[in-house]
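Enquirer: Hey, dropping protein-v4.txt in here, compact mmCIF, C-alpha atoms:
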# COMPACT_ATOMS: atom_id res chain seq x y z
CA MET L 42 -0.24 -3.72 -54.82
CA GLY L 43 1.97 -1.15 -53.03
CA ALA L 44 -0.62 1.56 -53.68
CA LEU L 45 -3.38 -0.60 -52.18
CA GLN L 46 -1.22 -1.34 -49.14
CA GLY L 47 -0.50 2.36 -48.67
CA HIS L 48 -4.21 3.19 -48.96
CA PHE L 49 -5.04 0.49 -46.41
CA ASP L 50 -2.37 1.83 -44.04
CA ARG L 51 -3.79 5.35 -44.32
CA LEU L 52 -7.31 4.07 -43.62
CA THR L 53 -6.08 2.07 -40.62
CA ALA L 54 -4.13 5.02 -39.27
CA GLY L 55 -7.16 7.26 -39.73
CA SER L 56 -9.42 4.77 -37.99
CA MET L 57 -7.00 4.39 -35.09
CA GLY L 58 -6.66 8.14 -34.84
CA ALA L 59 -10.45 8.54 -34.71
CA GLU L 60 -10.70 5.86 -32.02
CA MET L 61 -7.99 7.58 -29.99
CA ARG L 62 -9.77 10.93 -30.32
CA ASP L 63 -13.08 9.37 -29.28
CA SER L 64 -11.39 7.68 -26.33
CA GLY L 65 -9.76 10.95 -25.31
CA LEU L 66 -13.07 12.79 -25.54
CA ARG L 67 -14.79 10.13 -23.43
CA GLN L 68 -12.07 10.37 -20.79
CA LEU L 69 -12.32 14.18 -20.81
CA ARG L 70 -16.09 14.01 -20.44
CA ARG L 71 -15.83 11.56 -17.53
CA LEU L 72 -13.25 13.81 -15.87
CA LEU L 73 -15.37 16.95 -16.22
CA LEU L 74 -18.47 15.15 -14.91
CA SER L 75 -16.63 13.65 -11.94
CA ARG L 76 -16.48 15.30 -8.56
CA GLU L 77 -12.71 15.84 -8.81
CA GLY L 78 -12.88 17.18 -12.39
CA GLY L 79 -15.75 19.51 -11.57
CA GLY L 80 -13.85 20.78 -8.55
CA THR L 81 -10.81 21.51 -10.73
CA VAL L 82 -12.91 23.49 -13.21
CA LEU L 83 -14.49 25.46 -10.38
CA MET L 84 -11.10 26.26 -8.89
CA ALA L 85 -9.64 27.37 -12.23
CA GLY L 86 -12.62 29.52 -13.15
CA ALA L 87 -13.02 31.06 -9.71
CA THR L 88 -9.29 31.80 -9.51
CA ALA L 89 -9.57 33.74 -12.74
CA VAL L 90 -12.45 35.69 -11.23
CA ALA L 91 -10.55 36.38 -8.01
CA LEU L 92 -7.37 37.47 -9.87
CA GLY L 93 -9.08 40.05 -11.99
CA VAL L 94 -10.46 38.75 -15.27
CA VAL L 95 -14.06 39.50 -14.35
CA PRO L 96 -13.21 42.65 -12.30
CA THR L 97 -11.56 44.06 -15.43
CA ILE L 98 -14.79 43.52 -17.30
CA LEU L 99 -16.76 45.04 -14.42
CA GLU L 100 -14.74 48.24 -14.70
CA GLN L 101 -16.49 48.87 -17.99
CA TRP L 102 -19.88 48.47 -16.33
CA THR L 103 -19.74 50.02 -12.84
CA SER L 104 -17.47 51.94 -10.50
CA GLN L 105 -19.12 50.74 -7.26
CA VAL L 106 -16.36 49.38 -4.98
CA TRP L 107 -18.69 47.09 -3.02
CA ILE L 108 -19.57 45.18 -6.20
CA PHE L 109 -15.87 44.43 -6.79
CA GLY L 110 -15.57 43.24 -3.18
CA LEU L 111 -18.64 41.04 -3.48
CA VAL L 112 -17.40 39.42 -6.69
CA PHE L 113 -13.98 38.86 -5.14
CA LEU L 114 -15.48 37.14 -2.07
CA ALA L 115 -17.74 35.01 -4.26
CA GLY L 116 -14.68 33.95 -6.27
CA LEU L 117 -12.78 32.96 -3.14
CA ALA L 118 -15.79 30.99 -1.86
CA THR L 119 -16.03 29.16 -5.18
CA VAL L 120 -12.32 28.32 -5.08
CA LEU L 121 -12.84 26.85 -1.61
CA MET L 122 -15.83 24.85 -2.84
CA GLY L 123 -13.83 23.49 -5.76
CA TRP L 124 -10.99 22.56 -3.41
CA LEU L 125 -13.39 20.66 -1.16
CA MET L 126 -14.85 18.83 -4.14
CA HIS L 127 -11.36 17.90 -5.29
CA GLN L 128 -10.39 16.34 -1.97
CA PRO L 129 -10.33 12.52 -1.82
CA ARG L 130 -13.25 11.05 0.09
CA GLY L 131 -11.66 7.83 1.23
CA LEU L 132 -12.45 4.22 0.41
CA GLY L 133 -15.65 2.24 0.66
CA VAL L 134 -15.32 -1.56 0.95
CA VAL L 135 -18.42 -3.56 -0.01
CA LEU L 136 -18.05 -7.03 1.49
CA SER L 137 -20.46 -9.91 0.82
CA LEU L 138 -19.70 -13.26 2.44
CA TYR L 139 -23.07 -14.93 1.82
CA PRO L 140 -23.28 -18.03 -0.39
CA PRO L 141 -24.45 -17.20 -3.95
CA GLU L 142 -27.83 -18.85 -3.46
CA ARG L 143 -28.56 -16.66 -0.42
CA THR L 144 -26.92 -13.40 -1.48
CA GLN L 145 -29.54 -10.73 -2.05
CA ARG L 146 -28.19 -8.80 -5.01
CA SER L 147 -30.48 -5.87 -4.30
CA ARG L 148 -28.77 -5.32 -0.95
CA VAL L 149 -25.32 -5.59 -2.54
CA GLY L 150 -26.43 -3.07 -5.16
CA VAL L 151 -27.66 -0.66 -2.49
CA PHE L 152 -24.31 -0.86 -0.73
CA LYS L 153 -22.37 -0.35 -3.98
CA ALA L 154 -24.42 2.71 -4.89
CA ALA L 155 -24.03 4.16 -1.39
CA SER L 156 -20.27 3.62 -1.42
CA ARG L 157 -19.74 5.09 -4.88
CA SER L 158 -21.73 8.20 -4.00
CA ALA L 159 -19.87 8.74 -0.72
CA HIS L 160 -16.27 7.75 -1.51
CA THR L 161 -13.62 8.37 -4.13
CA ASN L 162 -12.92 4.65 -4.53
CA THR L 163 -14.97 1.50 -3.94
CA LEU L 164 -13.56 -1.99 -3.43
CA VAL L 165 -15.98 -4.91 -3.82
CA ILE L 166 -15.05 -8.18 -2.08
CA ASP L 167 -17.39 -11.01 -3.05
CA ARG L 168 -17.48 -14.47 -1.53
CA SER L 169 -17.57 -16.09 -4.98
CA VAL L 170 -14.03 -14.80 -5.59
CA LEU L 171 -12.70 -15.99 -2.24
CA TRP L 172 -14.57 -19.30 -1.85
CA PRO L 173 -15.96 -21.52 -4.65
CA ALA L 174 -19.70 -22.13 -4.86
CA GLY L 175 -21.06 -25.39 -3.49
CA GLN L 176 -18.49 -25.57 -0.68
CA GLY L 177 -21.01 -25.20 2.14
CA GLU L 178 -23.07 -22.42 3.64
CA ARG L 179 -20.37 -20.94 5.87
CA VAL L 180 -16.97 -19.81 4.74
CA PRO L 181 -14.00 -21.07 6.78
CA ALA L 182 -12.12 -18.74 9.09
CA SER L 183 -9.30 -18.59 6.53
CA VAL L 184 -11.60 -16.84 4.03
CA VAL L 185 -12.61 -14.29 6.66
CA ASP L 186 -8.91 -13.75 7.27
CA ILE L 187 -8.30 -13.16 3.56
CA ALA L 188 -11.08 -10.56 3.49
CA ALA L 189 -9.48 -8.81 6.47
CA ARG L 190 -6.09 -8.87 4.73
CA LEU L 191 -7.59 -7.21 1.66
CA ILE L 192 -9.05 -4.46 3.85
CA ASP L 193 -5.69 -4.09 5.63
CA ALA L 194 -3.95 -3.71 2.26
CA GLN L 195 -6.28 -0.87 1.29
CA VAL L 196 -5.67 0.85 4.63
CA GLU L 197 -1.92 0.63 4.10
CA GLU L 198 -2.30 2.14 0.65
CA LEU L 199 -4.18 5.10 2.12
CA ARG L 200 -1.47 5.56 4.74
CA GLU L 201 1.25 5.57 2.09
CA THR L 202 -0.54 8.37 0.24
CA ASN L 203 -0.86 10.38 3.48
CA ARG L 204 -4.58 9.97 3.69
CA ASP L 205 -6.46 9.48 6.93
CA GLU L 206 -7.14 5.80 7.48
CA SER L 207 -10.41 6.73 9.21
CA ASP L 208 -11.72 7.37 5.68
CA VAL L 209 -12.08 3.60 5.25
CA VAL L 210 -15.74 2.57 5.56
CA LEU L 211 -16.97 -1.02 5.42
CA TYR L 212 -20.34 -2.05 3.94
CA PRO L 213 -20.67 -5.64 5.22
CA LEU L 214 -23.10 -8.44 4.36
CA ALA L 215 -22.20 -11.58 6.30
CA HIS L 216 -23.41 -14.14 8.81
CA LEU L 217 -23.38 -12.76 12.32
CA SER L 218 -20.76 -15.33 13.29
CA ASP L 219 -18.55 -14.46 10.31
CA GLY L 220 -18.97 -10.77 11.10
CA PHE L 221 -17.86 -11.43 14.68
CA LEU L 222 -14.72 -13.20 13.41
CA LEU L 223 -14.02 -10.42 10.91
CA GLY L 224 -14.28 -7.79 13.65
CA ARG L 225 -11.87 -9.82 15.78
CA ARG L 226 -9.42 -10.08 12.90
CA LEU L 227 -9.58 -6.35 12.09
CA SER L 228 -8.62 -5.53 15.66
CA ASP L 229 -5.09 -6.71 14.89
CA ASP L 230 -4.43 -3.17 13.62
CA PRO L 231 -4.72 -1.00 16.77
CA GLN L 232 -4.53 2.23 14.77
CA LEU L 233 -7.42 1.38 12.47
CA SER L 234 -10.62 3.38 12.90
CA LEU L 235 -13.22 1.75 10.69
CA GLY L 236 -16.80 2.80 10.05
CA LEU L 237 -19.38 0.01 9.69
CA MET L 238 -22.44 0.83 7.61
CA HIS L 239 -25.86 -0.67 8.18
CA LEU L 240 -28.96 -1.41 6.13
CA SER L 241 -31.50 0.88 7.74
CA ARG L 242 -35.23 0.86 8.33
CA ARG L 243 -35.39 4.65 8.05
CA ARG L 244 -37.51 5.97 5.22
CA GLY L 245 -35.34 7.61 2.60
CA ARG L 246 -32.11 6.44 4.32
CA PRO L 247 -31.40 2.88 3.13
CA VAL L 248 -27.80 2.93 4.39
CA VAL L 249 -26.65 4.60 7.61
CA LEU L 250 -23.61 4.44 9.85
CA GLY L 251 -23.98 1.55 12.27
CA ILE L 252 -20.95 1.93 14.48
CA GLN L 253 -17.38 3.21 14.47
CA LEU L 254 -14.67 0.77 15.55
CA ASP L 255 -12.38 2.80 17.78
CA SER L 256 -11.07 2.94 21.33
CA GLU L 257 -14.29 4.46 22.71
CA LEU L 258 -15.90 1.02 22.65
CA GLN L 259 -13.49 -0.18 25.33
CA GLY L 260 -13.97 2.80 27.65
CA PRO L 261 -16.33 3.31 30.59
CA VAL L 262 -20.05 3.89 30.07
CA SER L 263 -21.02 7.55 30.45
CA PRO L 264 -24.26 8.73 32.13
CA ARG L 265 -25.63 9.68 28.71
CA GLN L 266 -24.91 6.21 27.37
CA GLN L 267 -26.42 4.59 30.46
CA SER L 268 -29.65 6.48 29.81
CA LEU L 269 -29.71 5.17 26.24
CA ILE L 270 -29.10 1.63 27.50
CA SER L 271 -31.92 1.90 30.03
CA ALA L 272 -34.27 3.25 27.35
CA HIS L 273 -33.68 0.47 24.83
CA LEU L 274 -32.76 -2.66 26.80
CA ALA L 275 -34.93 -4.59 29.21
CA ASP L 276 -33.85 -4.65 32.87
CA ALA L 277 -30.80 -2.50 32.12
CA ALA L 278 -30.97 -0.41 35.29
CA ASN L 279 -28.51 -2.78 36.95
CA PRO L 280 -25.16 -2.54 35.11
CA VAL L 281 -24.35 -6.12 36.22
CA PRO L 282 -27.02 -8.52 34.84
CA HIS L 283 -28.09 -11.51 36.88
CA LEU L 284 -25.94 -14.59 36.35
CA VAL L 285 -28.01 -17.80 36.47
CA GLU L 286 -26.36 -21.06 37.49
CA VAL L 287 -27.11 -24.18 35.42
CA ALA L 288 -28.03 -27.40 37.25
CA ALA L 289 -25.01 -29.68 37.63
CA THR L 290 -24.64 -32.62 35.27
CA PRO L 291 -21.92 -35.26 34.83
CA GLY L 292 -18.97 -33.92 32.82
CA GLN L 293 -20.31 -30.38 32.91
CA ALA L 294 -17.92 -27.60 31.86
CA THR L 295 -18.58 -25.46 34.91
CA HIS L 296 -15.91 -22.92 33.94
CA ARG L 297 -17.88 -21.90 30.84
CA ILE L 298 -20.70 -19.34 30.81
CA ALA L 299 -23.16 -18.37 28.07
CA LEU L 300 -24.01 -14.81 27.12
CA ILE L 301 -27.40 -14.67 25.37
CA VAL L 302 -28.02 -11.35 23.61
CA ARG L 303 -31.27 -10.62 21.76
CA LEU L 304 -31.36 -7.24 20.03
CA ALA L 305 -34.05 -8.09 17.47
CA PRO L 306 -37.77 -8.96 17.81
CA LEU L 307 -37.45 -12.74 17.90
CA ASP L 308 -38.43 -14.10 21.31
CA SER L 309 -37.82 -17.74 20.31
CA MET L 310 -34.11 -16.99 20.01
CA VAL L 311 -33.71 -16.86 23.80
CA THR L 312 -35.75 -20.04 24.29
CA GLU L 313 -33.68 -21.90 21.72
CA ALA L 314 -30.41 -20.66 23.19
CA LEU L 315 -31.45 -21.70 26.70
CA GLN L 316 -32.31 -25.16 25.38
CA VAL L 317 -28.76 -25.55 24.10
CA VAL L 318 -27.19 -24.01 27.22
CA THR L 319 -29.09 -26.11 29.75
CA THR L 320 -29.10 -29.44 27.87
CA GLY L 321 -26.07 -29.19 25.57
CA ARG L 322 -28.16 -29.95 22.47
CA PRO L 323 -30.79 -28.24 20.29
CA ALA L 324 -34.51 -28.90 20.51
CA PRO L 325 -35.54 -32.44 19.48
CA ASP L 326 -37.63 -31.17 16.55
CA SER L 327 -34.77 -29.19 15.00
CA PRO L 328 -31.63 -31.37 15.08
CA ARG L 329 -29.98 -29.70 12.09
CA VAL L 330 -31.34 -26.16 12.24
CA GLY L 331 -30.43 -23.71 14.93
CA TYR L 332 -27.43 -23.12 17.10
CA GLN L 333 -24.43 -25.25 16.19
CA LEU L 334 -22.27 -25.70 19.25
CA MET L 335 -19.04 -27.24 17.98
CA GLY L 336 -15.74 -28.14 19.58
CA SER L 337 -12.32 -27.08 18.31
CA GLY L 338 -12.13 -30.15 16.07
CA GLY L 339 -15.57 -29.58 14.50
CA GLU L 340 -17.31 -32.24 16.58
CA PRO L 341 -20.55 -31.49 18.49
CA ASP L 342 -19.86 -29.88 21.86
CA VAL L 343 -22.06 -31.35 24.60
CA ASP L 344 -20.09 -30.25 27.65
CA GLY L 345 -22.72 -27.73 28.66
CA PHE L 346 -22.32 -24.57 30.71
CA GLY L 347 -21.94 -23.60 34.31
CA ALA L 348 -24.07 -20.45 34.10
CA TYR L 349 -25.69 -17.98 31.72
CA LEU L 350 -27.00 -14.43 31.54
CA VAL L 351 -29.55 -12.89 29.18
CA LEU L 352 -29.61 -9.39 27.66
CA GLU L 353 -32.68 -8.36 25.64
CA ILE L 354 -34.12 -5.32 23.92
CA GLY L 355 -36.95 -3.41 25.55
CA ALA L 356 -40.39 -2.62 24.19
CA LEU L 357 -39.12 0.30 22.09
CA GLY L 358 -36.69 -1.88 20.16
CA LEU L 359 -33.30 -0.77 18.91
CA PRO L 360 -33.23 2.26 16.59
CA ASP L 361 -30.75 2.69 13.74
CA ASP L 362 -28.68 5.16 15.72
CA PRO L 363 -24.86 4.94 15.97
CA GLU L 364 -24.94 6.43 19.47
CA VAL L 365 -27.32 3.69 20.64
CA PHE L 366 -25.26 0.98 18.92
CA VAL L 367 -22.11 2.20 20.69
CA ALA L 368 -23.82 2.35 24.09
CA VAL L 369 -25.33 -1.14 23.72
CA THR L 370 -21.99 -2.60 22.61
CA MET L 371 -20.25 -1.07 25.63
CA HIS L 372 -22.98 -2.42 27.93
CA ILE L 373 -22.63 -5.95 26.54
CA ASN L 374 -18.86 -5.74 26.99
CA ARG L 375 -19.30 -4.54 30.58
CA ALA L 376 -21.82 -7.32 31.31
CA TRP L 377 -19.48 -10.03 29.99
CA ARG L 378 -16.49 -8.82 31.98
CA ALA L 379 -18.55 -8.51 35.18
CA ALA L 380 -20.08 -11.97 34.70
CA ARG L 381 -16.70 -13.56 34.04
CA GLN L 382 -15.26 -12.02 37.19
CA GLU L 383 -18.30 -12.95 39.29
CA TRP L 384 -18.29 -16.55 38.08
CA ALA L 385 -14.58 -16.95 38.74
CA THR L 386 -15.15 -15.72 42.30
CA ARG L 387 -18.20 -17.93 42.90
CA THR L 388 -16.67 -21.16 41.59
CA GLY L 389 -13.09 -20.62 42.75
CA THR L 390 -11.99 -22.87 39.90
CA ALA L 391 -8.43 -22.73 38.64
CA ALA L 392 -9.60 -23.07 35.04
CA PRO L 393 -10.02 -19.70 33.30
CA VAL L 394 -13.63 -18.70 32.68
CA GLU L 395 -14.64 -19.00 29.04
CA GLY L 396 -17.68 -17.66 27.24
CA ARG L 397 -19.96 -18.45 24.33
CA LEU L 398 -22.04 -15.72 22.72
CA PHE L 399 -25.55 -16.49 21.46
CA PHE L 400 -26.39 -13.38 19.46
CA HIS L 401 -29.21 -12.04 17.31
CA GLY L 402 -29.13 -8.39 16.31
CA PRO L 403 -27.54 -5.86 13.95
CA LEU L 404 -24.42 -7.03 12.16
CA PRO L 405 -22.36 -3.91 13.10
CA ILE L 406 -22.80 -4.73 16.81
CA ALA L 407 -21.74 -8.35 16.25
CA MET L 408 -18.61 -7.11 14.45
CA ALA L 409 -17.93 -4.53 17.15
CA LEU L 410 -18.12 -7.23 19.83
CA GLY L 411 -15.57 -9.30 17.91
CA TRP L 412 -13.36 -6.23 17.68
CA VAL L 413 -13.66 -5.45 21.41
CA TRP L 414 -13.16 -9.09 22.46
CA SER L 415 -10.18 -9.80 20.22
CA ARG L 416 -8.17 -10.99 23.25
CA GLU L 417 -11.07 -12.30 25.34
CA PRO L 418 -11.78 -16.05 25.83
CA ILE L 419 -15.23 -15.86 24.23
CA ASP L 420 -16.51 -17.12 20.88
CA ILE L 421 -19.78 -16.73 19.03
CA VAL L 422 -22.14 -19.66 18.40
CA HIS L 423 -23.33 -19.91 14.79
CA HIS L 424 -27.04 -20.15 14.04
CA SER L 425 -28.07 -21.66 10.70
CA ALA L 426 -31.56 -20.18 10.34
CA PHE L 427 -31.82 -16.44 11.06
CA GLU L 428 -28.47 -15.21 9.76
CA LEU L 429 -29.73 -12.82 7.08
CA PRO L 430 -28.94 -9.15 7.75
CA LEU L 431 -31.58 -7.29 9.70
CA ARG L 432 -33.51 -4.50 8.14
Let me see whether you can do it: turn the structure in this file into structure tokens.
Expert:
Amino acid sequence: MGALQGHFDRLTAGSMGAEMRDSGLRQLRRLLLSREGGGTVLMAGATAVALGVVPTILEQWTSQVWIFGLVFLAGLATVLMGWLMHQPRGLGVVLSLYPPERTQRSRVGVFKAASRSAHTNTLVIDRSVLWPAGQGERVPASVVDIAARLIDAQVEELRETNRDESDVVLYPLAHLSDGFLLGRRLSDDPQLSLGLMHLSRRRGRPVVLGIQLDSELQGPVSPRQQSLISAHLADAANPVPHLVEVAATPGQATHRIALIVRLAPLDSMVTEALQVVTTGRPAPDSPRVGYQLMGSGGEPDVDGFGAYLVLEIGALGLPDDPEVFVAVTMHINRAWRAARQEWATRTGTAAPVEGRLFFHGPLPIAMALGWVWSREPIDIVHHSAFELPLR
């Protein structure tokens, strides 16, 4: 019996040893095939070249000095290349806040692949982990806050390891209204510079940079940016859009103005928004689909507006260009601030002017507006129909 037990122990030990060897070989293979592992091999090999292993061999073949110099320079260049490959490439955060029945897995997969090819680490934040299925189409603001906290935690980890926090890039899939709230929440960290990626219409470029969240968005519009605005927005020659007053009605909230922004080819969006702004309710044939104007307690808001202004894309549309996205965001910010000041002067009311944003366009711009308006008295109005990401 003891002999059998000893034989069994030897077999078990041998099996465990083989498994450990196989595991070690798999880990070594993954390391050598990774960007960091390949960079380390390049640096080690090229250092040997630069320090004289290969030059010693070359002495047996040629006495031409220029060949030694060429090999030395090639070795140094390869060391530099290996060092660059070994450098960390930051963090990509893939965020999907759509309900499971509306989440397009192909888009999530595209974002995951893009993040893993561009960054050292990828964090995936899925709505199903933060908010149970069947709890409604929209996630509450608390879930958006949790997502922002997770991103903040990753940024802090990068800071603790002396990495540049600008290496954090967000790949978002969310309702425009949730994206606006997330941008507003992320602005709580004034030192955070965050890149927002975008599903693109460019051939061969499925994912491109949409916009960079940084202090430039709050600065003045440059002549170059004004030319981009004029090229891609309708009636953008005047930096202060026309503010239209709404006919007075009993109980009207005259201190509130609506900002209607259409940056996508859907003309009915403006018509539908104006219906809500001028009457306080959606069109009669769509009582449950469309803009949902709610009060602070979740009840329907029928107080109306005192005025509105409309910003729309021009005939050329809006290209997937970060420079254009930045210029358009800055123009919208400038238009809101000018309209708020003008309306306060025209009405002379003691109540502070508030705003509601009716928006249809690229998600990165919606998030950037939330980031820029983190301390502004303006909120976005949710739309239940066309909230899928644009492409």
Enquirer: Calculated over only C-alpha atoms, which of the candidates L:Asp362, L:Asp229, L:Asp167, L:Glu198 has the smallest distance to Tyr212 (chain L)?
Expert: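 Once distances to Tyr212 (chain L) are computed over only C-alpha atoms, the minimum belongs to L:Asp167.
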Enquirer: Please identify all polymer residues within 10 Å of Leu404 (chain L), counting only C-alpha atoms, omitting same-chain residues fewer than 3 positions from it, and present them as a VMD selection string.
Expert: chain L and resid 213 to 221 237 to 240 251 to 252 400 to 401 407 to 410 428 to 431
Enquirer: Once you count only C-alpha atoms, which residues end up no further than 10 Å from (-23.9, -15.0, 40.2) in the file's frame, shown as number ranges by chain?
Expert: L: 281-286, 348-350, 379-388
Enquirer: To one decimal in Å, tell me the separation between CA of Leu398 (chain L) and CA of Val149 (chain L).
Expert: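 Separating CA of Leu398 (chain L) from CA of Val149 (chain L) is a distance of 27.4 Å.
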Enquirer: Mind checking which residues fall within 10 Å of Ser156 (chain L), counting only C-alpha atoms, ignoring those fewer than 3 positions away in the same chain, and posting them as a tab-separated table (two decimals) with C-alpha atoms, in the frame of the given file?
Expert:
chain	number	residue	atom	x	y	z
L	131	GLY	CA	-11.66	7.83	1.23
L	132	LEU	CA	-12.45	4.22	0.41
L	133	GLY	CA	-15.65	2.24	0.66
L	134	VAL	CA	-15.32	-1.56	0.95
L	135	VAL	CA	-18.42	-3.56	-0.01
L	150	GLY	CA	-26.43	-3.07	-5.16
L	151	VAL	CA	-27.66	-0.66	-2.49
L	152	PHE	CA	-24.31	-0.86	-0.73
L	153	LYS	CA	-22.37	-0.35	-3.98
L	159	ALA	CA	-19.87	8.74	-0.72
L	160	HIS	CA	-16.27	7.75	-1.51
L	161	THR	CA	-13.62	8.37	-4.13
L	162	ASN	CA	-12.92	4.65	-4.53
L	163	THR	CA	-14.97	1.50	-3.94
L	164	LEU	CA	-13.56	-1.99	-3.43
L	165	VAL	CA	-15.98	-4.91	-3.82
L	210	VAL	CA	-15.74	2.57	5.56
L	211	LEU	CA	-16.97	-1.02	5.42
L	212	TYR	CA	-20.34	-2.05	3.94
L	238	MET	CA	-22.44	0.83	7.61
L	248	VAL	CA	-27.80	2.93	4.39
Enquirer: Could you jot down the CA of Pro363 (chain L) to CA of Pro405 (chain L) separation for me, Å, one decimal place?
Expert: 9.6 Å
Enquirer: Taking only C-alpha atoms into account, which of L:Ala275, L:Leu304, L:Thr370, L:Val184 comes nearest Trp412 (chain L)?
Expert: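 Closest candidate: L:Thr370.
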Enquirer: Would you mind reading off the distance between CA of Val367 (chain L) and CA of Pro393 (chain L), one decimal, in Å?
Expert: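 We find that CA of Val367 (chain L) and CA of Pro393 (chain L) lie 28.0 Å from each other.
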Enquirer: Which is closest to Met310 (chain L) among L:Arg168, L:Arg157, L:His424, L:Arg225, if we use all atoms listed in the file?
Expert: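 Looking at the shortest contact to Met310 (chain L), the residue is L:His424.
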Enquirer: So which one's closest to Val369 (chain L), L:Ile421, L:Ile354, L:Ile270, L:Val413? Using all atoms listed in the file, please.
Expert: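 Closest candidate: L:Ile270.
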Enquirer: Determine, using only C-alpha atoms, which residues of region 227-279 of chain L have any atom at most 10 Å from an atom of region 187-197 of chain L, and tabulate each with its shortest atom pair and distance in Å to one decimal place, rows ordered by chain and then rising number, as CSV.
Expert:
residue,atom,partner,partner_atom,distance
L:Leu227,CA,L:Ala189,CA,6.1
L:Ser228,CA,L:Ala189,CA,9.8
L:Asp229,CA,L:Asp193,CA,9.6
L:Asp230,CA,L:Asp193,CA,8.1
L:Leu233,CA,L:Val196,CA,8.1
L:Ser234,CA,L:Val196,CA,10.0
L:Leu235,CA,L:Val196,CA,9.7
Enquirer: Write a file of the just-selected residues containing C-alpha atoms, as a PDB file, in the frame of the given file.
Expert:
ATOM      1  CA  LEU L 227      -9.580  -6.350  12.090  1.00  0.00           C
ATOM      2  CA  SER L 228      -8.620  -5.530  15.660  1.00  0.00           C
ATOM      3  CA  ASP L 229      -5.090  -6.710  14.890  1.00  0.00           C
ATOM      4  CA  ASP L 230      -4.430  -3.170  13.620  1.00  0.00           C
ATOM      5  CA  LEU L 233      -7.420   1.380  12.470  1.00  0.00           C
ATOM      6  CA  SER L 234     -10.620   3.380  12.900  1.00  0.00           C
ATOM      7  CA  LEU L 235     -13.220   1.750  10.690  1.00  0.00           C
TER       8      LEU L 235
END
Enquirer: Taking all listed atoms of region 383-401 of chain L, build the axis-aligned box, pad each of the six sides by 6 Å, then write its centre and edge lengths in Å to one decimal as JSON.
Expert:
{"center_x": -18.8, "center_y": -17.6, "center_z": 30.1, "size_x": 32.8, "size_y": 23.0, "size_z": 37.6}
